[in-house]
Amino acid sequence: MNISPIDWGIIAAFFIISLLIGIFTSKTAGKSSKDFFLSGRNMPWWLLGVSMVATTFSADTPNLVTDIVRVNGVSGNWGWWCFLLTGMLTVFVYAKLWRRSEITTDLEFYELRYGGKPAAFLRGFRAIYLGVFFNIVIMATVSLAAIKIGGVMLGLTPVQTLLIASIVTVIYSSLGGLKGVLLTDFFQFFIAMAGAIGAAIYILDLPQIGSLENLLTHPNVSDKLSFFPDFSNMNEVIPMLLVPIAIQWWATWYPGAEPGGGGYIAQRMLSAKNEKNAIGATLFFNVAHYALRPWPWIIIALSSLIIFPEISDLQKAFPHMPADKLGNDLAYSAMLTYLPTGLIGIVLASLIAAVMSTLSTHLNWGSSYVVNDFYLRFVKPEASDKELVNVGRISTVVLMGLAALLALSLSNALEAFNILLQIGAGTGLIFILRWFWWRINSYTEISAMIISFIVALFFETINPKFNIISIPEGMEYLKLLYGVSITTATWVTVTLVTRPEKEEVLLSFYKKVKPAAYGWRKVLDKHPEVEAEQGQLPFEIGLMVTGSVAIYAALFAIGFWLYDNVLSASIATVISAVGFYILFRGWNKIKLF
């Protein structure tokens, strides 16, 4: 496709502004490692919330949604919609606990909650495992999306795309630290939203589509519109709805949707001004991520079924694309090639923003692990703040380089998503319970981490070759169920047969974080001098359920309005409005410290 000088000007302006933000914030970011990674713990909820949304507005997310919709229809999105449940649990139960802990990274939690060498090992190992290896996989999937966008829309080779995206992102991420990332995210979020909405509106007016009504009644699309799978077909209901809602949301670990919060979501909560701002940030994130953003992507995905009904059609349209990069997820970028001058510049800038926002967050988050939880903790505890900031900047460059190399070997965003879910299968419940059950110890987490990885390795590499455990076609969800069952059985057994943490460690954690006392009674009863926090856990879980209903209702209401189903849209809108009213009334009753 031809990119006009106007479009190139819009893209150039975007790059310049992003770089200027990094330069502007570089002086304050370099003061100390806490300024570099936590922005001085003084960030407002709205900036943190927008940053969370911008980070998950990665370019691979619309590609992933497009892949899902083309294969399984709109209802296939329950594979990630289910994570709203853990998101709302984080909002009302865990956000204030994270902020109260006053740690620098979520990995520092291990030596706050556990004690001795096992806790130190857990912190150091996961700093490298998550901050380097796992983080590189995430960034590689984002870079893969950039490769497909660059190849389809700009005619760039994979190497050219990665060089451009990597250099600009590394510069402003390494200069500005978290504050630079937050401010750039804020700027990039609105560009990304404008681009996605503008693209969806224009595509609906293409001659091949005609209108929203024509789209929804087209034979390629009409059977893919339902929000739920066909309940008469359990082969659809089980993998697409029951497994995600009944198991996946609490049992798996996935970056950005960790049960109990974690990773860069925890980093945002830890950098908030106070507990109230931590709650507000995560609430805004969940509302925007699940209710406001999906529909432009879904509309474009459905439209692609008319213009590019088969992967072979994509191959014919883009013969220069490498064969291993062709897939249903390519259809999103392919649809954007129909946009006109001016709008294509905005959309390209929005897609670049999506890529860079996610990469910059993961670079800062990953380097925070390398610096705070490995280098400072185990290599050079006496390191100065200046040295720590420099190590953070160096690790930023190295992480980006390794992610770019891995991206060249990946082919499919959905494939990577499923592999990451499998690796974390069975570990999620630990992250929920460890705040409230005194008996969980460092060996619980070590055993879960090891066995979940081994099970994932078995099902993704060994079993396909030797067929040791038969997985019938269409029942791939069994791998997740096996992973959850085996991993959970292992860590529960290990927890019960190993010694609990020392009482002084448990009491120190309890005094600092003040979780509800329900699961701590056995420890607290021995120490009446420690004030037991009665907490509001049932009330908070009630808010979590209410919030989930309100956001799901808002998601469906938007869909029903688009479908011109006035009655269903009205009912969903009323349910959502009532839910949010109850939610905000209840929010003011949450006990904060």
# chains A, B, ... in the order shown; residues from 1 in each chain; ligands from 1
call {"tool": "closest_atom_pairs", "arguments": {"of": "region 67-157 of chain A", "to": "region 443-466 of chain A", "cutoff": "10 Å", "atoms": "only C-alpha atoms", "output": "CSV"}}
result
residue,atom,partner,partner_atom,distance
A:Tyr110,CA,A:Glu445,CA,9.6
A:Tyr114,CA,A:Tyr443,CA,9.5
A:Pro118,CA,A:Tyr443,CA,7.1
A:Ala119,CA,A:Tyr443,CA,8.5
A:Phe121,CA,A:Ile446,CA,9.0
A:Leu122,CA,A:Ile446,CA,6.7
A:Phe125,CA,A:Ile446,CA,9.7
A:Arg126,CA,A:Met449,CA,9.2
call {"tool": "write_last_selection", "arguments": {"atoms": "N, CA, C and O atoms", "output": "JSON list (two decimals), in the first residue's frame"}}
result
[["chain", "number", "residue", "atom", "x", "y", "z"],
["A", 110, "TYR", "N", 8.28, -12.08, 48.15],
["A", 110, "TYR", "CA", 8.68, -13.40, 48.63],
["A", 110, "TYR", "C", 9.46, -13.34, 49.94],
["A", 110, "TYR", "O", 9.27, -14.17, 50.82],
["A", 114, "TYR", "N", 7.78, -14.94, 53.09],
["A", 114, "TYR", "CA", 8.49, -16.16, 53.46],
["A", 114, "TYR", "C", 9.86, -15.79, 54.03],
["A", 114, "TYR", "O", 10.27, -14.64, 53.98],
["A", 118, "PRO", "N", 15.15, -20.52, 51.09],
["A", 118, "PRO", "CA", 14.14, -20.82, 50.06],
["A", 118, "PRO", "C", 13.46, -19.56, 49.50],
["A", 118, "PRO", "O", 13.23, -19.46, 48.30],
["A", 119, "ALA", "N", 13.17, -18.60, 50.39],
["A", 119, "ALA", "CA", 12.54, -17.36, 49.94],
["A", 119, "ALA", "C", 13.50, -16.56, 49.07],
["A", 119, "ALA", "O", 13.09, -15.99, 48.04],
["A", 121, "PHE", "N", 15.96, -17.82, 47.29],
["A", 121, "PHE", "CA", 16.07, -18.53, 46.02],
["A", 121, "PHE", "C", 14.88, -18.22, 45.12],
["A", 121, "PHE", "O", 15.04, -17.95, 43.92],
["A", 122, "LEU", "N", 13.69, -18.24, 45.70],
["A", 122, "LEU", "CA", 12.47, -17.99, 44.94],
["A", 122, "LEU", "C", 12.50, -16.60, 44.31],
["A", 122, "LEU", "O", 12.18, -16.43, 43.13],
["A", 125, "PHE", "N", 15.46, -16.57, 41.58],
["A", 125, "PHE", "CA", 15.17, -17.40, 40.41],
["A", 125, "PHE", "C", 14.07, -16.79, 39.56],
["A", 125, "PHE", "O", 14.19, -16.70, 38.34],
["A", 126, "ARG", "N", 12.99, -16.33, 40.21],
["A", 126, "ARG", "CA", 11.88, -15.76, 39.44],
["A", 126, "ARG", "C", 12.25, -14.41, 38.83],
["A", 126, "ARG", "O", 11.66, -14.00, 37.83]]
call {"tool": "residues_around", "arguments": {"residues": "Leu270 (chain A)", "least_positions_apart": "2", "cutoff": "12 Å", "atoms": "only C-alpha atoms", "output": "ChimeraX atom specification"}}
result
/A:34,37-45,48,94-106,108-109,178,261-268,272-279,281-282
call {"tool": "select_by_dssp", "arguments": {"residues": "region 255-423 of chain A", "states": "alpha helix (DSSP H)", "output": "VMD selection string"}}
result
chain A and resid 263 to 270 275 to 287 294 to 307 311 to 317 330 to 336 343 to 368 385 to 407 413 to 423
call {"tool": "write_last_selection", "arguments": {"atoms": "C-alpha atoms", "output": "CSV table (one decimal), in the first residue's frame"}}
result
chain,number,residue,atom,x,y,z
A,263,GLY,CA,3.9,-8.1,37.4
A,264,TYR,CA,3.4,-4.7,35.9
A,265,ILE,CA,-0.1,-4.4,37.4
A,266,ALA,CA,1.5,-4.7,40.8
A,267,GLN,CA,4.2,-2.2,39.8
A,268,ARG,CA,1.5,0.3,39.0
A,269,MET,CA,-0.3,-0.3,42.3
A,270,LEU,CA,3.0,0.0,44.2
A,275,GLU,CA,-4.3,2.7,48.7
A,276,LYS,CA,-7.3,4.6,47.3
A,277,ASN,CA,-5.4,5.5,44.1
A,278,ALA,CA,-4.2,1.9,43.8
A,279,ILE,CA,-7.9,0.7,43.9
A,280,GLY,CA,-9.0,3.4,41.5
A,281,ALA,CA,-6.3,2.6,39.0
A,282,THR,CA,-7.1,-1.1,38.8
A,283,LEU,CA,-10.9,-0.4,38.6
A,284,PHE,CA,-10.4,2.0,35.7
A,285,PHE,CA,-8.2,-0.5,34.0
A,286,ASN,CA,-10.8,-3.3,34.2
A,287,VAL,CA,-13.7,-1.2,33.0
A,294,PRO,CA,-13.1,-4.9,22.5
A,295,TRP,CA,-15.8,-3.9,20.0
A,296,PRO,CA,-13.7,-2.0,17.4
A,297,TRP,CA,-11.4,-5.0,17.2
A,298,ILE,CA,-14.4,-7.4,16.9
A,299,ILE,CA,-16.0,-5.3,14.2
A,300,ILE,CA,-12.8,-5.3,12.1
A,301,ALA,CA,-12.4,-9.1,12.7
A,302,LEU,CA,-15.9,-9.8,11.5
A,303,SER,CA,-15.4,-7.6,8.5
A,304,SER,CA,-12.3,-9.5,7.6
A,305,LEU,CA,-14.4,-12.7,7.1
A,306,ILE,CA,-16.0,-11.0,4.1
A,307,ILE,CA,-12.9,-9.7,2.4
A,311,ILE,CA,-6.0,-17.7,5.0
A,312,SER,CA,-5.4,-18.5,1.3
A,313,ASP,CA,-7.0,-15.1,0.5
A,314,LEU,CA,-4.5,-13.4,2.8
A,315,GLN,CA,-1.7,-15.2,1.1
A,316,LYS,CA,-2.8,-14.0,-2.3
A,317,ALA,CA,-3.1,-10.5,-1.2
A,330,LEU,CA,-2.8,-11.4,10.0
A,331,ALA,CA,-6.4,-10.4,8.9
A,332,TYR,CA,-6.5,-7.4,11.3
A,333,SER,CA,-3.5,-5.7,9.7
A,334,ALA,CA,-4.8,-6.7,6.2
A,335,MET,CA,-8.1,-4.9,6.8
A,336,LEU,CA,-6.3,-1.7,7.8
A,343,LEU,CA,-6.6,8.0,8.7
A,344,ILE,CA,-4.0,5.4,7.8
A,345,GLY,CA,-1.4,7.7,9.4
A,346,ILE,CA,-3.4,7.9,12.6
A,347,VAL,CA,-4.1,4.1,12.6
A,348,LEU,CA,-0.4,3.3,11.9
A,349,ALA,CA,0.6,5.7,14.7
A,350,SER,CA,-2.0,4.0,17.0
A,351,LEU,CA,-0.6,0.5,16.2
A,352,ILE,CA,2.9,1.7,16.7
A,353,ALA,CA,1.7,3.2,20.0
A,354,ALA,CA,0.2,-0.1,21.0
A,355,VAL,CA,3.5,-1.9,20.3
A,356,MET,CA,5.7,0.6,22.0
A,357,SER,CA,3.4,1.0,25.1
A,358,THR,CA,3.5,-2.7,25.8
A,359,LEU,CA,7.2,-3.1,25.1
A,360,SER,CA,8.2,-0.1,27.2
A,361,THR,CA,6.2,-1.4,30.2
A,362,HIS,CA,7.7,-4.9,29.9
A,363,LEU,CA,11.2,-3.5,29.5
A,364,ASN,CA,10.9,-1.4,32.6
A,365,TRP,CA,9.1,-4.1,34.6
A,366,GLY,CA,11.7,-6.8,33.5
A,367,SER,CA,14.7,-4.6,34.2
A,368,SER,CA,13.2,-3.8,37.7
A,385,ASP,CA,21.5,4.4,43.0
A,386,LYS,CA,23.4,5.7,40.0
A,387,GLU,CA,24.8,2.3,39.3
A,388,LEU,CA,21.4,0.6,39.7
A,389,VAL,CA,19.8,3.0,37.2
A,390,ASN,CA,22.7,2.3,34.8
A,391,VAL,CA,22.2,-1.5,35.2
A,392,GLY,CA,18.5,-0.9,34.6
A,393,ARG,CA,19.2,0.9,31.3
A,394,ILE,CA,21.6,-1.7,30.1
A,395,SER,CA,19.2,-4.6,30.9
A,396,THR,CA,16.5,-2.7,29.0
A,397,VAL,CA,18.6,-2.8,25.9
A,398,VAL,CA,19.5,-6.5,26.3
A,399,LEU,CA,15.9,-7.6,26.9
A,400,MET,CA,14.7,-5.8,23.8
A,401,GLY,CA,17.5,-7.4,21.7
A,402,LEU,CA,16.7,-10.9,22.9
A,403,ALA,CA,12.9,-10.4,22.4
A,404,ALA,CA,13.5,-9.2,18.8
A,405,LEU,CA,15.5,-12.3,18.0
A,406,LEU,CA,12.8,-14.6,19.4
A,407,ALA,CA,10.1,-12.8,17.5
A,413,ALA,CA,-0.2,-14.9,18.6
A,414,LEU,CA,-2.9,-17.4,19.7
A,415,GLU,CA,-0.3,-20.2,19.9
A,416,ALA,CA,1.9,-18.1,22.2
A,417,PHE,CA,-1.1,-17.1,24.4
A,418,ASN,CA,-2.0,-20.8,24.9
A,419,ILE,CA,1.5,-21.8,25.7
A,420,LEU,CA,1.8,-19.1,28.3
A,421,LEU,CA,-1.5,-20.2,29.9
A,422,GLN,CA,-0.2,-23.8,30.0
A,423,ILE,CA,3.0,-22.8,31.7
call {"tool": "residues_around", "arguments": {"residues": "Trp250 (chain A)", "least_positions_apart": "4", "cutoff": "6 Å", "atoms": "only C-alpha atoms", "output": "PDB file with all heavy atoms, in the first residue's frame"}}
result
ATOM      1  N   PRO A 259      -3.842 -13.804  39.097  1.00  0.00           N
ATOM      2  CA  PRO A 259      -4.740 -13.860  40.250  1.00  0.00           C
ATOM      3  C   PRO A 259      -4.105 -13.145  41.443  1.00  0.00           C
ATOM      4  O   PRO A 259      -2.977 -13.437  41.824  1.00  0.00           O
ATOM      5  CB  PRO A 259      -4.873 -15.371  40.515  1.00  0.00           C
ATOM      6  CG  PRO A 259      -4.607 -16.011  39.186  1.00  0.00           C
ATOM      7  CD  PRO A 259      -3.545 -15.150  38.555  1.00  0.00           C
ATOM      8  N   GLY A 428      -2.211 -20.288  39.880  1.00  0.00           N
ATOM      9  CA  GLY A 428      -2.991 -19.102  40.211  1.00  0.00           C
ATOM     10  C   GLY A 428      -3.564 -19.091  41.613  1.00  0.00           C
ATOM     11  O   GLY A 428      -3.580 -18.053  42.278  1.00  0.00           O
ATOM     12  N   LEU A 429      -4.037 -20.239  42.089  1.00  0.00           N
ATOM     13  CA  LEU A 429      -4.678 -20.284  43.404  1.00  0.00           C
ATOM     14  C   LEU A 429      -3.697 -19.928  44.524  1.00  0.00           C
ATOM     15  O   LEU A 429      -4.097 -19.369  45.546  1.00  0.00           O
ATOM     16  CB  LEU A 429      -5.266 -21.676  43.638  1.00  0.00           C
ATOM     17  CG  LEU A 429      -6.198 -21.830  44.848  1.00  0.00           C
ATOM     18  CD1 LEU A 429      -7.372 -20.872  44.755  1.00  0.00           C
ATOM     19  CD2 LEU A 429      -6.705 -23.267  44.958  1.00  0.00           C
TER      20      LEU A 429
END
call {"tool": "atom_distance", "arguments": {"atom1": "CA of Val152 (chain A)", "atom2": "CA of Phe187 (chain A)"}}
result
25.3 Å
